[in-house]
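Q: Provided herewith is a single structure, encoded as structure tokens, for subsequent inquiry.
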Amino acid sequence: MKRLFIFAFIAGLLAVALAATLWPLPEHLRYRSITSVPTDGGRQEEFVIHWPEDRIARPGEKGAGLPATVAVGAAVLEDSAGRRVSAELFRLRDTEDNVIGVASRLAGTGGAIADPGRSASNWLLVIPSRGALFMAQSDVQDTTVRERLTADGPVALAPAQAAAFWTDRPRIRITAPAPGGDGPATTGKVLRGTSEFAGLRGSFTETWDLEEVHADGSTRGRILLSTLTSGGT
Amino acid sequence: MRALVVVLGLVLGVLAGAGLILVNPLAWLSGLPPLPADLAPAKAYSWNDYRGIEGGVGDLLGVARRNRDVALMDPTLPHVRIGIVVLPAGEGAPAALAVKVSAVAEENSLWRARLGTDDYWNIFWPGEGSVFANAYSNYWAVARDAFFATLVGGNREQMAPSYPVTAPPPLGEPAGVTGASGRYAGFTGEIREQLYLASPRATRPDPDWAIAIKANPPPVAVP
């Protein structure tokens, strides 16, 4: 009986060792990277976000009954001096429309961040199977989400989701051009990457494309993030 | 009687085996020293407003059930958590709005005492500037202590009240803080996170966290 117990005990130990060796720990699904190499070098990759459907809403948050231009999942923080920061969460797609990760856009105004009437914004792109990209830019105008009080409480309103924003254009490049000089033509900088993107730096531009205006004054469109990166410091 | 002995032996063997794996000394060796509190005061925050995984051991092992109310149902996102965080004002800094993304690390290894997430931050202070940060958070010590607390009576009071979770990235790649805009553009630095478990009698369901960031301005170029 004692020998049987020892055998069973050792079998238990071995079962744990086997499980620890063979346990299928989570891995992230990966789509093929859609990159290209421009003629003058570098690594070009475009990322797409559709609004409003790619916005990541908070748990239990519903758009029903709220203004059609509400940006679900967004948050706004404003200090007593009127300096504002807004945060938006999105699903991130490749150019074949596959959801490949998540993205956040934080934009801020005032003080040391941007000139009056403008904002500076950051993009955090996280592709779980590949790593993350950290990107920052100056915007051509104030692109922060605004907060408005409604009967259901405060709601966040994104400028691009309102038809009034698009009166005279179907497309706008949000990234401000760089001041004159020999440097890149855009203020959009890819500051750093992790994992597969580690060691990459470069530039990017953010463009908003209007695709549809609804009868209720809301819009549908896409955000295009075009990155151009290369290795080295 | 023989069956009972076999079952007892197996169960004790499994528990002993799990205990031996969990007390892996690598878990004690792989931490990072805390940042000096005077240079990098810790900011407490809650991360209850999120979508995706809860972030417990079950999620890290891939065995947790998906909560459809908060889960991200896209095939590429079952092991991701994303949410907006408000970091409180204090210690000379205003409140900040931040986004934190955690993805279960593919480099996790049960033999190497690695059970964690790759964490990514973007923090924006109104009127001041913004930074990005990334780090690897290892929850091995939390899992280990929870296992032994369960063995000796199932009481969370027998666990430490908080755990420093930031650890060196498994592949040795760069981690830390990168200044993005405003007065923090060009800054570089380090990040540490601390997990505060909810006490057994607490009404709140989720743990609290604290983040400490130490960042330095870029070196001044000498003409």
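Here's how to read the names in the structure tokens: chain A, B, ... by the order shown, residue numbers from 1 in each chain, ligand numbers from 1 in the order shown.
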Can you write out as a Markdown table which residues of chain B fall within 6 Å of chain A, alongside each residue's closest atom pair and its distance in Å to one decimal, counting only C-alpha atoms and ordering rows by chain and ascending residue number?

A:
```
| residue | atom | partner | partner_atom | distance |
| --- | --- | --- | --- | --- |
| B:Val5 | CA | A:Phe5 | CA | 5.7 |
| B:Val6 | CA | A:Ala8 | CA | 5.3 |
| B:Gly9 | CA | A:Phe9 | CA | 4.2 |
| B:Leu10 | CA | A:Gly12 | CA | 4.5 |
| B:Gly13 | CA | A:Gly12 | CA | 4.0 |
| B:Val14 | CA | A:Gly12 | CA | 4.4 |
| B:Gly17 | CA | A:Leu13 | CA | 4.7 |
| B:Leu61 | CA | A:Leu25 | CA | 5.5 |
| B:Gly62 | CA | A:Pro26 | CA | 5.4 |
| B:Val70 | CA | A:Pro59 | CA | 5.5 |
| B:Thr76 | CA | A:Leu29 | CA | 5.0 |
| B:Glu106 | CA | A:Glu27 | CA | 5.6 |
| B:Leu110 | CA | A:Ala20 | CA | 5.7 |
| B:Pro126 | CA | A:Arg83 | CA | 5.5 |
| B:Gly127 | CA | A:Gly111 | CA | 4.2 |
| B:Glu128 | CA | A:Ala112 | CA | 5.3 |
| B:Gly129 | CA | A:Ile113 | CA | 5.6 |
| B:Ala180 | CA | A:Ala136 | CA | 6.0 |
| B:Gly182 | CA | A:Ile113 | CA | 4.2 |
```

Q: Based on the backbone DSSP call, show me all residues of region 3-96 of chain B assigned helix (DSSP H, G or I), as a ChimeraX atom specification.

A: /B:3-22,26-29,57-61

Q: Please produce a file of those selected residues containing N, CA and C atoms, as a PDB file, in the first residue's frame.

A:
```
ATOM      1  N   ALA B   3      -7.840   2.202  -4.389  1.00  0.00           N
ATOM      2  CA  ALA B   3      -8.198   3.361  -5.212  1.00  0.00           C
ATOM      3  C   ALA B   3      -8.044   4.653  -4.417  1.00  0.00           C
ATOM      4  N   LEU B   4      -8.433   4.616  -3.172  1.00  0.00           N
ATOM      5  CA  LEU B   4      -8.320   5.799  -2.319  1.00  0.00           C
ATOM      6  C   LEU B   4      -6.854   6.212  -2.153  1.00  0.00           C
ATOM      7  N   VAL B   5      -5.991   5.222  -1.974  1.00  0.00           N
ATOM      8  CA  VAL B   5      -4.560   5.498  -1.811  1.00  0.00           C
ATOM      9  C   VAL B   5      -3.997   6.101  -3.107  1.00  0.00           C
ATOM     10  N   VAL B   6      -4.414   5.531  -4.241  1.00  0.00           N
ATOM     11  CA  VAL B   6      -3.936   6.067  -5.530  1.00  0.00           C
ATOM     12  C   VAL B   6      -4.387   7.507  -5.715  1.00  0.00           C
ATOM     13  N   VAL B   7      -5.669   7.762  -5.439  1.00  0.00           N
ATOM     14  CA  VAL B   7      -6.189   9.130  -5.597  1.00  0.00           C
ATOM     15  C   VAL B   7      -5.460  10.087  -4.662  1.00  0.00           C
ATOM     16  N   LEU B   8      -5.287   9.656  -3.417  1.00  0.00           N
ATOM     17  CA  LEU B   8      -4.596  10.500  -2.431  1.00  0.00           C
ATOM     18  C   LEU B   8      -3.160  10.781  -2.880  1.00  0.00           C
ATOM     19  N   GLY B   9      -2.474   9.747  -3.334  1.00  0.00           N
ATOM     20  CA  GLY B   9      -1.098   9.920  -3.806  1.00  0.00           C
ATOM     21  C   GLY B   9      -1.031  10.859  -4.994  1.00  0.00           C
ATOM     22  N   LEU B  10      -1.953  10.687  -5.946  1.00  0.00           N
ATOM     23  CA  LEU B  10      -1.983  11.553  -7.132  1.00  0.00           C
ATOM     24  C   LEU B  10      -2.227  13.006  -6.750  1.00  0.00           C
ATOM     25  N   VAL B  11      -3.242  13.198  -5.897  1.00  0.00           N
ATOM     26  CA  VAL B  11      -3.592  14.576  -5.515  1.00  0.00           C
ATOM     27  C   VAL B  11      -2.421  15.233  -4.802  1.00  0.00           C
ATOM     28  N   LEU B  12      -1.835  14.506  -3.853  1.00  0.00           N
ATOM     29  CA  LEU B  12      -0.697  15.093  -3.128  1.00  0.00           C
ATOM     30  C   LEU B  12       0.484  15.318  -4.075  1.00  0.00           C
ATOM     31  N   GLY B  13       0.678  14.399  -5.007  1.00  0.00           N
ATOM     32  CA  GLY B  13       1.766  14.564  -5.989  1.00  0.00           C
ATOM     33  C   GLY B  13       1.543  15.786  -6.858  1.00  0.00           C
ATOM     34  N   VAL B  14       0.306  15.976  -7.300  1.00  0.00           N
ATOM     35  CA  VAL B  14      -0.013  17.155  -8.124  1.00  0.00           C
ATOM     36  C   VAL B  14       0.205  18.434  -7.324  1.00  0.00           C
ATOM     37  N   LEU B  15      -0.280  18.446  -6.076  1.00  0.00           N
ATOM     38  CA  LEU B  15      -0.111  19.654  -5.251  1.00  0.00           C
ATOM     39  C   LEU B  15       1.364  19.924  -4.985  1.00  0.00           C
ATOM     40  N   ALA B  16       2.104  18.863  -4.665  1.00  0.00           N
ATOM     41  CA  ALA B  16       3.540  19.041  -4.399  1.00  0.00           C
ATOM     42  C   ALA B  16       4.247  19.508  -5.676  1.00  0.00           C
ATOM     43  N   GLY B  17       3.888  18.931  -6.808  1.00  0.00           N
ATOM     44  CA  GLY B  17       4.510  19.335  -8.078  1.00  0.00           C
ATOM     45  C   GLY B  17       4.208  20.784  -8.400  1.00  0.00           C
ATOM     46  N   ALA B  18       2.941  21.178  -8.240  1.00  0.00           N
ATOM     47  CA  ALA B  18       2.577  22.575  -8.502  1.00  0.00           C
ATOM     48  C   ALA B  18       3.317  23.503  -7.553  1.00  0.00           C
ATOM     49  N   GLY B  19       3.421  23.087  -6.290  1.00  0.00           N
ATOM     50  CA  GLY B  19       4.139  23.906  -5.311  1.00  0.00           C
ATOM     51  C   GLY B  19       5.603  24.059  -5.684  1.00  0.00           C
ATOM     52  N   LEU B  20       6.228  22.958  -6.101  1.00  0.00           N
ATOM     53  CA  LEU B  20       7.648  23.014  -6.482  1.00  0.00           C
ATOM     54  C   LEU B  20       7.870  23.935  -7.671  1.00  0.00           C
ATOM     55  N   ILE B  21       6.962  23.872  -8.652  1.00  0.00           N
ATOM     56  CA  ILE B  21       7.111  24.756  -9.818  1.00  0.00           C
ATOM     57  C   ILE B  21       6.909  26.215  -9.411  1.00  0.00           C
ATOM     58  N   LEU B  22       5.924  26.437  -8.526  1.00  0.00           N
ATOM     59  CA  LEU B  22       5.608  27.817  -8.149  1.00  0.00           C
ATOM     60  C   LEU B  22       6.701  28.458  -7.296  1.00  0.00           C
ATOM     61  N   LEU B  26      13.680  31.614  -9.636  1.00  0.00           N
ATOM     62  CA  LEU B  26      13.794  32.671 -10.653  1.00  0.00           C
ATOM     63  C   LEU B  26      12.810  33.807 -10.377  1.00  0.00           C
ATOM     64  N   ALA B  27      11.677  33.468  -9.749  1.00  0.00           N
ATOM     65  CA  ALA B  27      10.672  34.499  -9.468  1.00  0.00           C
ATOM     66  C   ALA B  27      11.217  35.544  -8.505  1.00  0.00           C
ATOM     67  N   TRP B  28      12.103  35.138  -7.588  1.00  0.00           N
ATOM     68  CA  TRP B  28      12.663  36.101  -6.643  1.00  0.00           C
ATOM     69  C   TRP B  28      13.796  36.911  -7.276  1.00  0.00           C
ATOM     70  N   LEU B  29      14.428  36.303  -8.263  1.00  0.00           N
ATOM     71  CA  LEU B  29      15.600  36.949  -8.861  1.00  0.00           C
ATOM     72  C   LEU B  29      15.234  37.926  -9.973  1.00  0.00           C
ATOM     73  N   VAL B  57      -5.048  35.005 -13.150  1.00  0.00           N
ATOM     74  CA  VAL B  57      -4.186  33.880 -13.527  1.00  0.00           C
ATOM     75  C   VAL B  57      -4.852  33.019 -14.602  1.00  0.00           C
ATOM     76  N   GLY B  58      -6.176  32.880 -14.516  1.00  0.00           N
ATOM     77  CA  GLY B  58      -6.890  32.097 -15.529  1.00  0.00           C
ATOM     78  C   GLY B  58      -6.716  32.677 -16.924  1.00  0.00           C
ATOM     79  N   ASP B  59      -6.733  33.996 -17.023  1.00  0.00           N
ATOM     80  CA  ASP B  59      -6.505  34.635 -18.329  1.00  0.00           C
ATOM     81  C   ASP B  59      -5.078  34.403 -18.804  1.00  0.00           C
ATOM     82  N   LEU B  60      -4.127  34.472 -17.875  1.00  0.00           N
ATOM     83  CA  LEU B  60      -2.722  34.312 -18.254  1.00  0.00           C
ATOM     84  C   LEU B  60      -2.437  32.879 -18.694  1.00  0.00           C
ATOM     85  N   LEU B  61      -3.168  31.924 -18.099  1.00  0.00           N
ATOM     86  CA  LEU B  61      -2.998  30.526 -18.490  1.00  0.00           C
ATOM     87  C   LEU B  61      -3.873  30.161 -19.693  1.00  0.00           C
TER      88      LEU B  61
END
```

Q: For region 219-229 of chain A, work out the shell of residues within 6 Å, counting only C-alpha atoms and skipping chain neighbours fewer than 3 positions away, then give it as a list in words.

A: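 In the requested form, the answer reads Gly42, Arg43, Gln44, Glu45, Glu46, Phe47, Val48, Ile49, His50, Trp51, Gln161, Ala162, Ala163, Leu200, Arg201, Gly202, Ser203, Phe204, Thr205, Glu206, Thr207, Trp208, Asp209, Leu210, Glu211, Glu212, Val213 and His214 of chain A.
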
Q: Need the shell around region 211-214 of chain B: protein/DNA/RNA residues with any atom at most 6 Å away, counting only C-alpha atoms. Skip same-chain ones fewer than 4 positions apart. Format as a PDB file with C-alpha atoms, in the first residue's frame?

A:
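To be explicit, this is the file written out as around-v5.pdb:
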```pdb
ATOM      1  CA  ALA B  40       9.163  59.044  -8.727  1.00  0.00           C
ATOM      2  CA  PRO B  41       6.177  59.202  -6.386  1.00  0.00           C
ATOM      3  CA  ALA B  42       3.689  56.382  -6.905  1.00  0.00           C
ATOM      4  CA  LYS B  43       0.269  57.376  -8.259  1.00  0.00           C
ATOM      5  CA  GLY B 189      13.063  56.997 -18.119  1.00  0.00           C
ATOM      6  CA  GLU B 190      11.739  54.031 -16.207  1.00  0.00           C
ATOM      7  CA  ILE B 191       8.367  52.767 -15.039  1.00  0.00           C
ATOM      8  CA  ARG B 192       7.302  50.573 -12.125  1.00  0.00           C
ATOM      9  CA  GLU B 193       3.866  49.228 -11.271  1.00  0.00           C
TER      10      GLU B 193
END
```

Q: Could you tell me how far CA of Ala93 (chain B) sits from CA of Asp139 (chain A), in Å to one decimal place?

A: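 Between CA of Asp139 (chain A) and CA of Ala93 (chain B) the gap works out to 24.9 Å.
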
Q: Could you list, as a list in words, every residue within 6 Å of Ala178 (chain A), counting only C-alpha atoms and ignoring same-chain residues fewer than 4 positions away?

A: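 Once the adjacent positions are removed, what remains is Ala185, Thr186 and Thr187 of chain A.
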
Q: Could the residues in this selection be written to a file with C-alpha atoms, as a PDB file, in the first residue's frame?

A:
```
ATOM      1  CA  ALA A 185       7.615  66.922 -44.410  1.00  0.00           C
ATOM      2  CA  THR A 186       5.402  65.975 -41.476  1.00  0.00           C
ATOM      3  CA  THR A 187       5.387  66.623 -37.737  1.00  0.00           C
TER       4      THR A 187
END
```

Q: Which one of B:Gln194, B:Asn138, B:Ser199, B:Asn155 sits closest to Ser109 (chain B) if you count only C-alpha atoms?

A: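 Among the listed residues, the smallest separation from Ser109 (chain B) belongs to B:Asn138.
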
Q: Could you give me the residues within region 18-209 of chain A that DSSP places in strand (DSSP E or B), as an NGL selection string?

A: :A and (35-36 or 43-51 or 55 or 70 or 75-78 or 84-93 or 99-108 or 120-127 or 131-139 or 146-150 or 153-157 or 162 or 171-173 or 175 or 177 or 186 or 189-193 or 201-209)

Q: Contacts of Met73 (chain B) at 12 Å or less, counting only C-alpha atoms, minus same-chain residues fewer than 4 places along, as a list in words?

A: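 Result of the neighbour search: Ile56, Arg91, Val99 and Gly101 of chain A; Arg51, Gly52, Ile53, Arg66, Asn67, Arg68, Asp69, Leu77, Pro78, His79, Val80 and Arg81 of chain B.
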
Q: Can you work out which one of B:Trp47, B:Trp125, B:Trp140, B:Tyr196 has the shortest atom-to-atom distance to Arg112 (chain B), counting only C-alpha atoms?

A: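 Among the listed residues, the smallest separation from Arg112 (chain B) belongs to B:Trp140.
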
Q: In Å, rounded to a single decimal, give me how far CA of Asp118 (chain B) is from CA of Arg65 (chain B).

A: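 According to the coordinates, CA of Arg65 (chain B) and CA of Asp118 (chain B) are separated by 20.8 Å.
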
Q: Calculated over only C-alpha atoms, which of the candidates B:Glu91, B:Ala98, B:Thr117, B:Ile82 has the smallest distance to Leu39 (chain B)?

A: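 Of all the options, B:Glu91 lies closest to Leu39 (chain B).
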
Q: Could you please determine the separation between CA of Arg114 (chain B) and CA of Pro174 (chain B) in Å, to one decimal place?

A: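 Computing the Euclidean distance for CA of Arg114 (chain B) and CA of Pro174 (chain B) yields 17.7 Å.
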